[in-house]
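Below: structure_5.cif (mmCIF, C-alpha atoms and all ligand atoms)
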```
data_run
loop_
_atom_site.group_PDB
_atom_site.id
_atom_site.type_symbol
_atom_site.label_atom_id
_atom_site.label_comp_id
_atom_site.auth_asym_id
_atom_site.auth_seq_id
_atom_site.Cartn_x
_atom_site.Cartn_y
_atom_site.Cartn_z
ATOM 1 C CA MET A 1 30.600 -18.036 24.750
ATOM 2 C CA SER A 2 30.729 -19.912 21.440
ATOM 3 C CA ARG A 3 29.112 -18.689 18.231
ATOM 4 C CA LEU A 4 26.675 -21.587 18.600
ATOM 5 C CA ASP A 5 25.692 -20.331 22.076
ATOM 6 C CA LEU A 6 25.138 -16.824 20.685
ATOM 7 C CA PHE A 7 23.075 -18.144 17.781
ATOM 8 C CA ILE A 8 20.883 -20.234 20.081
ATOM 9 C CA ASP A 9 20.366 -17.266 22.428
ATOM 10 C CA ARG A 10 19.365 -15.105 19.445
ATOM 11 C CA MET A 11 16.825 -17.642 18.164
ATOM 12 C CA VAL A 12 15.318 -18.280 21.627
ATOM 13 C CA SER A 13 15.103 -14.523 22.226
ATOM 14 C CA GLN A 14 13.576 -13.817 18.825
ATOM 15 C CA ARG A 15 10.803 -16.341 19.448
ATOM 16 C CA ALA A 16 10.186 -15.167 23.028
ATOM 17 C CA CYS A 17 10.009 -11.510 21.939
ATOM 18 C CA LEU A 18 7.710 -12.222 18.991
ATOM 19 C CA ASP A 19 5.381 -14.269 21.229
ATOM 20 C CA HIS A 20 5.408 -11.486 23.843
ATOM 21 C CA ALA A 21 4.766 -8.747 21.256
ATOM 22 C CA ALA A 22 1.883 -10.748 19.771
ATOM 23 C CA GLU A 23 0.359 -11.087 23.265
ATOM 24 C CA ILE A 24 0.734 -7.377 24.088
ATOM 25 C CA THR A 25 -0.905 -6.332 20.814
ATOM 26 C CA ALA A 26 -3.588 -9.045 20.626
ATOM 27 C CA GLY A 27 -7.024 -7.775 19.660
ATOM 28 C CA GLN A 28 -5.763 -4.358 18.525
ATOM 29 C CA PRO A 29 -6.161 -3.331 14.897
ATOM 30 C CA GLY A 30 -3.423 -2.778 12.341
ATOM 31 C CA PRO A 31 -1.073 -4.651 10.040
ATOM 32 C CA VAL A 32 2.116 -6.439 10.985
ATOM 33 C CA PHE A 33 5.406 -5.835 9.138
ATOM 34 C CA GLU A 34 8.241 -8.335 8.768
ATOM 35 C CA LEU A 35 11.457 -6.551 7.709
ATOM 36 C CA GLY A 36 13.892 -9.101 6.249
ATOM 37 C CA LEU A 37 12.311 -12.379 5.105
ATOM 38 C CA GLY A 38 15.505 -14.418 4.651
ATOM 39 C CA ASN A 39 14.671 -18.110 4.897
ATOM 40 C CA GLY A 40 11.232 -17.158 6.250
ATOM 41 C CA ARG A 41 11.497 -18.825 9.657
ATOM 42 C CA THR A 42 10.338 -15.838 11.686
ATOM 43 C CA PHE A 43 7.676 -15.025 9.067
ATOM 44 C CA HIS A 44 6.392 -18.612 9.404
ATOM 45 C CA HIS A 45 6.302 -18.247 13.208
ATOM 46 C CA MET A 46 4.477 -14.913 12.988
ATOM 47 C CA ARG A 47 1.846 -16.478 10.731
ATOM 48 C CA GLU A 48 1.419 -19.295 13.273
ATOM 49 C CA ILE A 49 0.992 -17.034 16.307
ATOM 50 C CA MET A 50 -1.017 -14.274 14.546
ATOM 51 C CA PRO A 51 -3.181 -16.125 12.001
ATOM 52 C CA GLU A 52 -5.740 -13.304 11.944
ATOM 53 C CA ARG A 53 -3.230 -10.573 11.034
ATOM 54 C CA ASP A 54 -2.309 -9.117 7.652
ATOM 55 C CA ILE A 55 1.462 -9.585 7.576
ATOM 56 C CA TYR A 56 3.450 -7.575 5.015
ATOM 57 C CA VAL A 57 7.005 -8.564 4.212
ATOM 58 C CA PHE A 58 9.846 -6.221 3.224
ATOM 59 C CA GLU A 59 12.688 -7.922 1.381
ATOM 60 C CA ARG A 60 15.033 -7.039 -1.472
ATOM 61 C CA ALA A 61 15.137 -10.556 -2.961
ATOM 62 C CA ILE A 62 12.779 -13.413 -2.069
ATOM 63 C CA ALA A 63 14.706 -16.625 -1.375
ATOM 64 C CA SER A 64 12.605 -18.228 1.351
ATOM 65 C CA ASN A 65 11.534 -21.797 1.959
ATOM 66 C CA PRO A 66 8.386 -22.427 -0.159
ATOM 67 C CA ASP A 67 6.407 -23.066 3.072
ATOM 68 C CA SER A 68 7.381 -19.623 4.303
ATOM 69 C CA THR A 69 6.877 -17.488 1.218
ATOM 70 C CA PRO A 70 4.296 -14.701 1.428
ATOM 71 C CA ALA A 71 1.690 -14.029 -1.259
ATOM 72 C CA GLU A 72 2.890 -11.531 -3.873
ATOM 73 C CA ASP A 73 0.397 -8.898 -2.756
ATOM 74 C CA ARG A 74 1.865 -9.038 0.764
ATOM 75 C CA VAL A 75 5.431 -8.247 -0.327
ATOM 76 C CA PHE A 76 7.203 -4.887 -0.530
ATOM 77 C CA LEU A 77 10.013 -5.947 -2.844
ATOM 78 C CA GLY A 78 13.129 -3.789 -2.874
ATOM 79 C CA ASP A 79 15.424 -1.920 -0.556
ATOM 80 C CA VAL A 80 13.799 -0.902 2.724
ATOM 81 C CA TYR A 81 15.104 2.660 2.263
ATOM 82 C CA GLU A 82 12.612 2.854 -0.628
ATOM 83 C CA THR A 83 9.838 0.484 0.466
ATOM 84 C CA LEU A 84 9.369 1.790 4.040
ATOM 85 C CA PRO A 85 8.450 5.309 2.775
ATOM 86 C CA GLU A 86 6.035 3.614 0.312
ATOM 87 C CA ALA A 87 4.446 1.742 3.226
ATOM 88 C CA LEU A 88 4.134 4.973 5.206
ATOM 89 C CA LYS A 89 2.248 6.584 2.308
ATOM 90 C CA ARG A 90 -0.045 3.560 2.019
ATOM 91 C CA PHE A 91 -0.713 2.748 5.689
ATOM 92 C CA GLY A 92 0.226 5.861 7.670
ATOM 93 C CA ALA A 93 1.056 5.266 11.336
ATOM 94 C CA THR A 94 -1.074 2.128 11.699
ATOM 95 C CA ALA A 95 1.343 -0.785 12.112
ATOM 96 C CA ARG A 96 0.586 -2.802 15.258
ATOM 97 C CA LEU A 97 3.753 -4.892 15.308
ATOM 98 C CA ILE A 98 6.999 -4.525 13.366
ATOM 99 C CA HIS A 99 9.731 -7.159 13.431
ATOM 100 C CA ALA A 100 13.146 -6.293 11.985
ATOM 101 C CA ASP A 101 15.849 -8.860 11.338
ATOM 102 C CA LEU A 102 17.816 -7.176 8.576
ATOM 103 C CA GLY A 103 21.367 -7.715 9.772
ATOM 104 C CA GLY A 104 24.182 -10.048 8.780
ATOM 105 C CA HIS A 105 27.361 -11.220 10.493
ATOM 106 C CA ASN A 106 29.147 -7.872 10.782
ATOM 107 C CA LEU A 107 28.043 -6.316 14.102
ATOM 108 C CA ALA A 108 29.455 -2.839 13.373
ATOM 109 C CA LYS A 109 27.682 -2.789 10.003
ATOM 110 C CA ASN A 110 24.432 -3.977 11.634
ATOM 111 C CA ASP A 111 24.652 -1.185 14.211
ATOM 112 C CA ALA A 112 25.251 1.488 11.556
ATOM 113 C CA PHE A 113 22.350 0.143 9.503
ATOM 114 C CA ALA A 114 20.041 0.038 12.558
ATOM 115 C CA ARG A 115 20.914 3.669 13.285
ATOM 116 C CA ALA A 116 20.245 4.721 9.688
ATOM 117 C CA ILE A 117 16.982 2.805 9.283
ATOM 118 C CA SER A 118 15.428 3.751 12.673
ATOM 119 C CA PRO A 119 13.863 7.038 11.410
ATOM 120 C CA TYR A 120 12.242 5.099 8.542
ATOM 121 C CA ILE A 121 10.632 2.586 10.932
ATOM 122 C CA GLU A 122 9.583 4.889 13.772
ATOM 123 C CA PRO A 123 6.726 6.765 11.987
ATOM 124 C CA LEU A 124 5.025 3.532 10.861
ATOM 125 C CA LEU A 125 4.035 2.300 14.330
ATOM 126 C CA ASP A 126 0.617 3.123 15.813
ATOM 127 C CA ARG A 127 0.182 4.191 19.451
ATOM 128 C CA GLY A 128 0.628 1.100 21.630
ATOM 129 C CA GLY A 129 2.315 -0.712 18.739
ATOM 130 C CA VAL A 130 5.384 -2.842 19.418
ATOM 131 C CA MET A 131 8.672 -3.210 17.551
ATOM 132 C CA VAL A 132 10.862 -6.311 17.902
ATOM 133 C CA SER A 133 14.424 -6.032 16.666
ATOM 134 C CA SER A 134 17.534 -8.198 16.557
ATOM 135 C CA ASP A 135 19.631 -5.014 16.812
ATOM 136 C CA ARG A 136 19.505 -2.036 19.155
ATOM 137 C CA MET A 137 17.517 0.729 17.451
ATOM 138 C CA TYR A 138 17.883 4.502 17.692
ATOM 139 C CA PHE A 139 14.409 5.956 18.128
ATOM 140 C CA ASP A 140 13.360 9.421 19.262
ATOM 141 C CA TYR A 141 9.952 8.594 20.714
ATOM 142 C CA LEU A 142 9.546 4.807 20.873
ATOM 143 C CA GLN A 143 10.382 3.537 24.367
ATOM 144 C CA GLU A 144 12.482 0.466 25.043
ATOM 145 C CA ILE A 145 10.413 -1.997 27.115
ATOM 146 C CA PRO A 146 11.507 -5.003 29.234
ATOM 147 C CA LEU A 147 12.149 -8.341 27.544
ATOM 148 C CA PRO A 148 10.093 -11.399 28.459
ATOM 149 C CA GLN A 149 11.757 -13.799 30.904
ATOM 150 C CA ALA A 150 12.736 -16.348 28.255
ATOM 151 C CA ALA A 151 14.729 -13.788 26.208
ATOM 152 C CA VAL A 152 18.413 -13.005 26.722
ATOM 153 C CA GLU A 153 19.453 -9.362 27.249
ATOM 154 C CA GLY A 154 21.240 -7.942 24.228
ATOM 155 C CA ARG A 155 20.097 -10.653 21.823
ATOM 156 C CA CYS A 156 16.749 -9.011 21.076
ATOM 157 C CA PHE A 157 15.230 -5.571 21.687
ATOM 158 C CA LEU A 158 11.637 -4.477 22.275
ATOM 159 C CA TYR A 159 10.194 -0.990 21.761
ATOM 160 C CA GLN A 160 6.711 0.443 22.156
ATOM 161 C CA ARG A 161 5.047 3.647 21.067
ATOM 162 C CA GLY A 162 3.341 5.250 24.087
HETATM 163 N N1 LIG B 1 14.269 -13.496 10.057
HETATM 164 C C1 LIG B 1 14.655 -14.245 8.865
HETATM 165 C C2 LIG B 1 14.399 -15.713 9.064
HETATM 166 O O1 LIG B 1 13.930 -16.106 10.159
HETATM 167 O O2 LIG B 1 14.626 -16.514 8.147
HETATM 168 C C3 LIG B 1 16.093 -13.992 8.509
HETATM 169 C C4 LIG B 1 16.353 -12.618 7.935
HETATM 170 S S1 LIG B 1 18.007 -12.450 7.276
HETATM 171 C C5 LIG B 1 18.992 -12.398 8.723
HETATM 172 C C6 LIG B 1 18.067 -10.785 6.730
HETATM 173 C C7 LIG B 1 17.302 -10.497 5.451
HETATM 174 O O3 LIG B 1 17.184 -9.074 5.324
HETATM 175 C C8 LIG B 1 17.988 -10.992 4.177
HETATM 176 O O4 LIG B 1 17.116 -11.837 3.459
HETATM 177 C C9 LIG B 1 18.281 -9.714 3.377
HETATM 178 O O5 LIG B 1 18.080 -9.863 1.979
HETATM 179 C C10 LIG B 1 17.277 -8.718 3.968
HETATM 180 N N2 LIG B 1 17.764 -7.341 3.872
HETATM 181 C C11 LIG B 1 18.913 -6.850 4.401
HETATM 182 N N3 LIG B 1 19.059 -5.545 4.112
HETATM 183 C C12 LIG B 1 17.964 -5.195 3.381
HETATM 184 C C13 LIG B 1 17.533 -3.972 2.782
HETATM 185 N N4 LIG B 1 18.287 -2.859 2.867
HETATM 186 N N5 LIG B 1 16.359 -3.960 2.115
HETATM 187 C C14 LIG B 1 15.611 -5.095 2.018
HETATM 188 N N6 LIG B 1 15.963 -6.280 2.563
HETATM 189 C C15 LIG B 1 17.130 -6.344 3.233
#
```

Give the structure from the file, written as structure tokens.
Amino acid sequence: MSRLDLFIDRMVSQRACLDHAAEITAGQPGPVFELGLGNGRTFHHMREIMPERDIYVFERAIASNPDSTPAEDRVFLGDVYETLPEALKRFGATARLIHADLGGHNLAKNDAFARAISPYIEPLLDRGGVMVSSDRMYFDYLQEIPLPQAAVEGRCFLYQRG
């Protein structure tokens, strides 16, 4: 499989999982968190498919396309190790959907980071809430749930709090 194939699979899976998570959580209260803004493509998609939601973005340095840049009062600026505990104090366990795409090109580094950040993400999600991640996460009480048909196994991961 070429790197292009892997990239395409990741993008297709990300969109399919975000669409699926938005469907599962439709009509239920609570904010949505985007961890890792980057260029803002997934943030832009989330705004399109969940126009009614308050979407908060966690990013250490904003460098997104102007069309995909959140309002200042919707940004937790800084390292997620500091901003996720701030969000927990502010919102408690109320998040309805959390999307994390914090990784880079080094798979071993991404896996270590996913393991380290999992306990910071887990307490933010409300019962029934869904987490979409580009990396496998290491949760104690969120359950991994099946991917939608359009997603490719291993390119995206879905979790739900029972
Ligand atoms: N999903 C985005 C998109 O569609 O454009 C791409 C996100 S990009 C792969 C990852 C982003 O996560 C980068 O912008 C990086 O700055 C951010 N990031 C990585 N580690 C972080 C950390 N510890 N705290 C805050 N932001 C972080």

Per residue of chain A within 7 Å of ligand LIG 1 (chain B), which atom pair is closest and at what distance in Å (one decimal), using all atoms listed in the file, listed by chain and increasing number, as a Markdown table?
```
| residue | atom | partner | partner_atom | distance |
| --- | --- | --- | --- | --- |
| A:Leu35 | CA | B:LIG1 | O3 | 6.7 |
| A:Gly36 | CA | B:LIG1 | O3 | 3.4 |
| A:Leu37 | CA | B:LIG1 | C1 | 4.8 |
| A:Gly38 | CA | B:LIG1 | O4 | 3.3 |
| A:Asn39 | CA | B:LIG1 | O2 | 3.6 |
| A:Gly40 | CA | B:LIG1 | O2 | 3.9 |
| A:Arg41 | CA | B:LIG1 | O1 | 3.7 |
| A:Thr42 | CA | B:LIG1 | O1 | 3.9 |
| A:Phe43 | CA | B:LIG1 | O1 | 6.4 |
| A:Phe58 | CA | B:LIG1 | C14 | 6.0 |
| A:Glu59 | CA | B:LIG1 | N6 | 3.8 |
| A:Arg60 | CA | B:LIG1 | C14 | 4.0 |
| A:Ala61 | CA | B:LIG1 | O5 | 5.8 |
| A:Gly78 | CA | B:LIG1 | C14 | 5.6 |
| A:Asp79 | CA | B:LIG1 | N5 | 3.5 |
| A:Val80 | CA | B:LIG1 | N5 | 4.0 |
| A:Tyr81 | CA | B:LIG1 | N4 | 6.4 |
| A:Asp101 | CA | B:LIG1 | N1 | 5.1 |
| A:Leu102 | CA | B:LIG1 | O3 | 3.8 |
| A:Gly103 | CA | B:LIG1 | C5 | 5.4 |
| A:Gly104 | CA | B:LIG1 | C5 | 5.7 |
```

Q) Could you spell out the hits of the PyMOL selection byres (((chain A and resi 52) around 12) and not hetatm) on the shown file, as a ChimeraX atom specification? A) /A:22,26-32,46-51,53-55

Q) Quick one: residues within 7 Å of Arg10 of chain A, all atoms listed in the file counted, chain neighbours fewer than 4 positions away excluded, as a VMD selection string? A) chain A and resid 6 14 155 to 156

**Q.** Pick from A:Glu34, A:Thr25, A:Asp111, A:Gln149 nearest to Gly128 of chain A, counting all atoms listed in the file
**A.**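 For Gly128 of chain A, the nearest of the given residues is A:Thr25.
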
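Using the PyMOL selection byres (((chain A and resi 94) around 10) and not hetatm) on the file at hand returns these residues: A:Pro29, A:Gly30, A:Pro31, A:Val32, A:Leu88, A:Arg90, A:Phe91, A:Gly92, A:Ala93, A:Ala95, A:Arg96, A:Leu97, A:Pro123, A:Leu124, A:Leu125, A:Asp126, A:Arg127, A:Gly129.
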
Q: Report as a list in words the full result of the PyMOL selection byres (((chain A and resi 157) around 8) and not hetatm) when it is applied to this structure.
A: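 Applied to this file, the PyMOL selection byres (((chain A and resi 157) around 8) and not hetatm) selects Cys17, Val132, Ser133, Ser134, Asp135, Arg136, Met137, Glu144, Leu147, Glu153, Gly154, Arg155, Cys156, Leu158 and Tyr159 of chain A.
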
**Q.** Distance in Å - atom CA of Phe76 of chain A versus atom CA of Ile117 of chain A
**A.**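 Between atom CA of Phe76 of chain A and atom CA of Ile117 of chain A the gap works out to 15.8 Å.
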
**Q.** Separation of atom CA of Lys109 of chain A from atom CA of Leu142 of chain A in Å
**A.**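 Calculated distance between atom CA of Leu142 of chain A and atom CA of Lys109 of chain A is 22.5 Å.
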
Q: Just give me the gap between atom CA of Phe113 of chain A and atom CA of Tyr138 of chain A in Å, one decimal is fine.
A: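 Straight-line distance from atom CA of Phe113 of chain A to atom CA of Tyr138 of chain A works out to 10.3 Å.
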
Q: Excluding Val75 of chain A and residues on its chain fewer than 2 positions from it, collect all residues at most 7 Å away from it, counting all atoms listed in the file, and give them as a PyMOL selection string.
A: chain A and resi 56-58+70-73+77

Some atoms are missing, so please complete segment 119-152 of chain A with N, CA and C atoms and return it as a compact mmCIF listing (two decimals), keeping the file's coordinate frame.
```
# COMPACT_ATOMS: atom_id res chain seq x y z
N PRO A 119 14.86 5.99 11.72
CA PRO A 119 13.86 7.04 11.41
C PRO A 119 12.86 6.64 10.33
N TYR A 120 13.18 5.58 9.57
CA TYR A 120 12.24 5.10 8.54
C TYR A 120 11.18 4.19 9.17
N ILE A 121 11.55 3.53 10.27
CA ILE A 121 10.63 2.59 10.93
C ILE A 121 9.71 3.31 11.91
N GLU A 122 10.29 4.25 12.65
CA GLU A 122 9.58 4.89 13.77
C GLU A 122 8.20 5.44 13.40
N PRO A 123 8.04 6.17 12.27
CA PRO A 123 6.73 6.76 11.99
C PRO A 123 5.65 5.78 11.57
N LEU A 124 6.01 4.50 11.34
CA LEU A 124 5.03 3.53 10.86
C LEU A 124 4.18 2.94 11.98
N LEU A 125 4.68 3.01 13.22
CA LEU A 125 4.04 2.30 14.33
C LEU A 125 2.90 3.13 14.94
N ASP A 126 1.76 2.48 15.16
CA ASP A 126 0.62 3.12 15.81
C ASP A 126 0.88 3.26 17.32
N ARG A 127 0.09 4.08 17.99
CA ARG A 127 0.18 4.19 19.45
C ARG A 127 -0.08 2.82 20.07
N GLY A 128 0.76 2.42 20.99
CA GLY A 128 0.63 1.10 21.63
C GLY A 128 1.29 -0.01 20.82
N GLY A 129 1.68 0.30 19.59
CA GLY A 129 2.32 -0.71 18.74
C GLY A 129 3.70 -1.10 19.26
N VAL A 130 4.13 -2.30 18.88
CA VAL A 130 5.38 -2.84 19.42
C VAL A 130 6.34 -3.17 18.27
N MET A 131 7.61 -2.89 18.51
CA MET A 131 8.67 -3.21 17.55
C MET A 131 9.63 -4.21 18.18
N VAL A 132 9.91 -5.29 17.46
CA VAL A 132 10.86 -6.31 17.90
C VAL A 132 12.06 -6.24 16.97
N SER A 133 13.25 -6.16 17.52
CA SER A 133 14.42 -6.03 16.67
C SER A 133 15.58 -6.90 17.16
N SER A 134 16.34 -7.43 16.21
CA SER A 134 17.53 -8.20 16.56
C SER A 134 18.69 -7.27 16.91
N ASP A 135 18.58 -5.99 16.53
CA ASP A 135 19.63 -5.01 16.81
C ASP A 135 19.06 -3.87 17.65
N ARG A 136 19.94 -3.23 18.43
CA ARG A 136 19.50 -2.04 19.16
C ARG A 136 19.13 -0.97 18.14
N MET A 137 17.98 -0.31 18.37
CA MET A 137 17.52 0.73 17.45
C MET A 137 17.76 2.10 18.07
N TYR A 138 17.59 3.13 17.24
CA TYR A 138 17.88 4.50 17.69
C TYR A 138 16.66 5.38 17.42
N PHE A 139 15.68 5.26 18.32
CA PHE A 139 14.41 5.96 18.13
C PHE A 139 14.35 7.23 18.96
N ASP A 140 13.56 8.18 18.49
CA ASP A 140 13.36 9.42 19.26
C ASP A 140 12.21 9.27 20.24
N TYR A 141 11.11 8.62 19.82
CA TYR A 141 9.95 8.59 20.71
C TYR A 141 9.38 7.20 20.99
N LEU A 142 9.95 6.15 20.44
CA LEU A 142 9.55 4.81 20.87
C LEU A 142 10.36 4.47 22.12
N GLN A 143 9.71 3.86 23.11
CA GLN A 143 10.38 3.54 24.37
C GLN A 143 10.85 2.09 24.36
N GLU A 144 12.04 1.85 24.86
CA GLU A 144 12.48 0.47 25.04
C GLU A 144 11.70 -0.13 26.21
N ILE A 145 11.19 -1.35 26.05
CA ILE A 145 10.41 -2.00 27.12
C ILE A 145 11.11 -3.31 27.52
N PRO A 146 10.80 -3.81 28.74
CA PRO A 146 11.51 -5.00 29.23
C PRO A 146 11.25 -6.23 28.36
N LEU A 147 12.27 -7.09 28.29
CA LEU A 147 12.15 -8.34 27.54
C LEU A 147 11.36 -9.35 28.37
N PRO A 148 10.72 -10.30 27.70
CA PRO A 148 10.09 -11.40 28.46
C PRO A 148 11.18 -12.25 29.11
N GLN A 149 10.78 -13.04 30.11
CA GLN A 149 11.76 -13.80 30.90
C GLN A 149 12.61 -14.75 30.06
N ALA A 150 12.02 -15.33 29.04
CA ALA A 150 12.74 -16.35 28.26
C ALA A 150 13.79 -15.75 27.33
N ALA A 151 13.78 -14.42 27.13
CA ALA A 151 14.73 -13.79 26.21
C ALA A 151 16.02 -13.43 26.94
N VAL A 152 17.10 -13.32 26.17
CA VAL A 152 18.41 -13.00 26.72
C VAL A 152 18.74 -11.55 26.40
```
